[in-house]
file protein-v9.cif (mmCIF, C-alpha atoms)
data_input
#
loop_
_atom_site.group_PDB
_atom_site.id
_atom_site.type_symbol
_atom_site.label_atom_id
_atom_site.label_comp_id
_atom_site.auth_asym_id
_atom_site.auth_seq_id
_atom_site.Cartn_x
_atom_site.Cartn_y
_atom_site.Cartn_z
ATOM 1 C CA MET O 25 127.069 73.545 104.416
ATOM 2 C CA ARG O 26 123.312 73.867 103.867
ATOM 3 C CA ALA O 27 121.460 71.821 101.329
ATOM 4 C CA ALA O 28 119.943 73.932 98.563
ATOM 5 C CA VAL O 29 116.182 74.190 98.678
ATOM 6 C CA LYS O 30 114.512 73.744 95.322
ATOM 7 C CA LYS O 31 112.612 76.882 94.412
ATOM 8 C CA ILE O 32 109.125 76.977 92.973
ATOM 9 C CA PRO O 33 109.139 77.731 89.226
ATOM 10 C CA PHE O 34 108.392 81.348 88.292
ATOM 11 C CA ARG O 35 105.309 80.358 86.287
ATOM 12 C CA TYR O 36 103.489 79.843 89.594
ATOM 13 C CA TYR O 37 104.268 83.379 90.827
ATOM 14 C CA ARG O 38 101.015 84.858 89.491
ATOM 15 C CA PHE O 39 99.031 82.293 91.509
ATOM 16 C CA LEU O 40 101.131 82.353 94.665
ATOM 17 C CA LEU O 41 101.247 86.142 95.043
ATOM 18 C CA PRO O 42 97.481 86.623 95.537
ATOM 19 C CA LEU O 43 97.179 83.423 97.584
ATOM 20 C CA LEU O 44 99.908 84.361 100.047
ATOM 21 C CA THR O 45 98.970 88.045 100.166
ATOM 22 C CA THR O 46 95.357 87.302 101.035
ATOM 23 C CA PHE O 47 96.440 84.524 103.419
ATOM 24 C CA VAL O 48 98.543 86.903 105.531
ATOM 25 C CA MET O 49 96.280 89.936 105.249
ATOM 26 C CA THR O 50 93.068 88.143 106.215
ATOM 27 C CA PHE O 51 94.886 86.332 109.037
ATOM 28 C CA ILE O 52 95.990 89.632 110.591
ATOM 29 C CA VAL O 53 92.793 91.610 109.950
ATOM 30 C CA THR O 54 90.426 88.913 111.255
ATOM 31 C CA GLY O 55 92.698 88.387 114.253
ATOM 32 C CA VAL O 56 92.556 92.053 115.209
ATOM 33 C CA ALA O 57 88.811 92.287 114.568
ATOM 34 C CA THR O 58 88.074 89.142 116.581
ATOM 35 C CA TRP O 59 90.278 90.323 119.446
ATOM 36 C CA ARG O 60 88.507 93.708 119.483
ATOM 37 C CA VAL O 61 85.099 92.021 119.782
ATOM 38 C CA LEU O 62 85.925 89.151 122.168
ATOM 39 C CA GLY O 63 89.138 90.212 123.930
ATOM 40 C CA TRP O 64 91.834 87.687 124.827
ATOM 41 C CA ASP O 65 89.836 84.569 125.491
ATOM 42 C CA LEU O 66 90.312 80.904 124.617
ATOM 43 C CA ARG O 67 87.135 81.128 122.555
ATOM 44 C CA MET O 68 88.712 83.992 120.617
ATOM 45 C CA PHE O 69 91.130 81.655 118.831
ATOM 46 C CA GLU O 70 88.342 79.321 117.736
ATOM 47 C CA MET O 71 86.280 82.241 116.435
ATOM 48 C CA TRP O 72 89.362 83.814 114.822
ATOM 49 C CA PHE O 73 90.176 80.660 112.884
ATOM 50 C CA SER O 74 86.583 80.289 111.751
ATOM 51 C CA SER O 75 86.242 83.894 110.588
ATOM 52 C CA TRP O 76 89.709 83.816 109.017
ATOM 53 C CA MET O 77 88.891 80.775 106.875
ATOM 54 C CA ILE O 78 85.654 82.388 105.696
ATOM 55 C CA ALA O 79 87.446 85.649 104.908
ATOM 56 C CA TRP O 80 90.266 83.890 103.069
ATOM 57 C CA THR O 81 87.936 81.799 100.932
ATOM 58 C CA ILE O 82 86.313 85.058 99.806
ATOM 59 C CA ALA O 83 89.474 87.186 99.538
ATOM 60 C CA ALA O 84 91.660 84.783 97.546
ATOM 61 C CA PRO O 85 89.334 84.288 94.551
ATOM 62 C CA THR O 86 88.406 87.979 94.652
ATOM 63 C CA MET O 87 92.081 88.901 94.402
ATOM 64 C CA PHE O 88 92.495 86.728 91.302
ATOM 65 C CA PHE O 89 89.771 88.709 89.527
ATOM 66 C CA VAL O 90 90.575 92.174 90.908
ATOM 67 C CA MET O 91 94.383 92.191 90.578
ATOM 68 C CA PRO O 92 94.456 92.368 86.742
ATOM 69 C CA MET O 93 92.027 95.312 86.798
ATOM 70 C CA VAL O 94 94.106 97.106 89.429
ATOM 71 C CA ARG O 95 97.292 96.529 87.403
ATOM 72 C CA ARG O 96 95.655 98.012 84.285
ATOM 73 C CA ALA O 97 94.362 101.012 86.228
ATOM 74 C CA LEU O 98 97.758 101.633 87.798
ATOM 75 C CA ALA O 99 99.496 101.299 84.437
ATOM 76 C CA ARG O 100 97.453 104.300 83.288
ATOM 77 C CA VAL O 101 98.515 106.572 86.169
ATOM 78 C CA VAL O 102 102.019 105.364 87.100
ATOM 79 C CA GLU O 103 104.883 106.216 84.789
ATOM 80 C CA ASP O 104 106.878 103.422 83.224
ATOM 81 C CA ALA O 105 110.300 102.772 84.766
ATOM 82 C CA LEU O 106 111.909 103.016 81.322
ATOM 83 C CA GLU O 107 110.493 106.455 80.532
#

call {"tool": "encode", "arguments": {"input": "protein-v9.cif", "output": "structure tokens"}}
result
Amino acid sequence: MRAAVKKIPFRYYRFLLPLLTTFVMTFIVTGVATWRVLGWDLRMFEMWFSSWMIAWTIAAPTMFFVMPMVRRALARVVEDALE
């Protein structure tokens, strides 16, 4: 029998969603971009990590400000599930 893992309270969802989304997205995008420029090289991983951290520190706060605007814009053009 597995021990139950305590879940994070739902009130943190609005903070964790943009953090984790930008974490994964910038990780993949900077990895592909760095690989395209440098190819598979040991130096590539050092450069990837550096560019990923810069990208994530820009993307995460940006997502916090942009996501509410995107939700409002989408609410105007997407029909409500209850309609």

call {"tool": "resolve_selection", "arguments": {"input": "protein-v9.cif", "expression": "the PyMOL selection byres ((chain O and resi 67-79) around 12)", "output": "list in words"}}
result
Thr46, Phe47, Val48, Met49, Thr50, Phe51, Ile52, Val53, Thr54, Gly55, Val56, Ala57, Thr58, Trp59, Arg60, Val61, Leu62, Gly63, Trp64, Asp65, Leu66, Trp80, Thr81, Ile82, Ala83, Ala84, Pro85, Thr86 and Met87 of chain O

call {"tool": "atom_distance", "arguments": {"input": "protein-v9.cif", "atom1": "atom CA of O:Met91", "atom2": "atom CA of O:Phe39"}}
result
11.0 Å

call {"tool": "atom_distance", "arguments": {"input": "protein-v9.cif", "atom1": "atom CA of O:Leu40", "atom2": "atom CA of O:Phe89"}}
result
14.0 Å
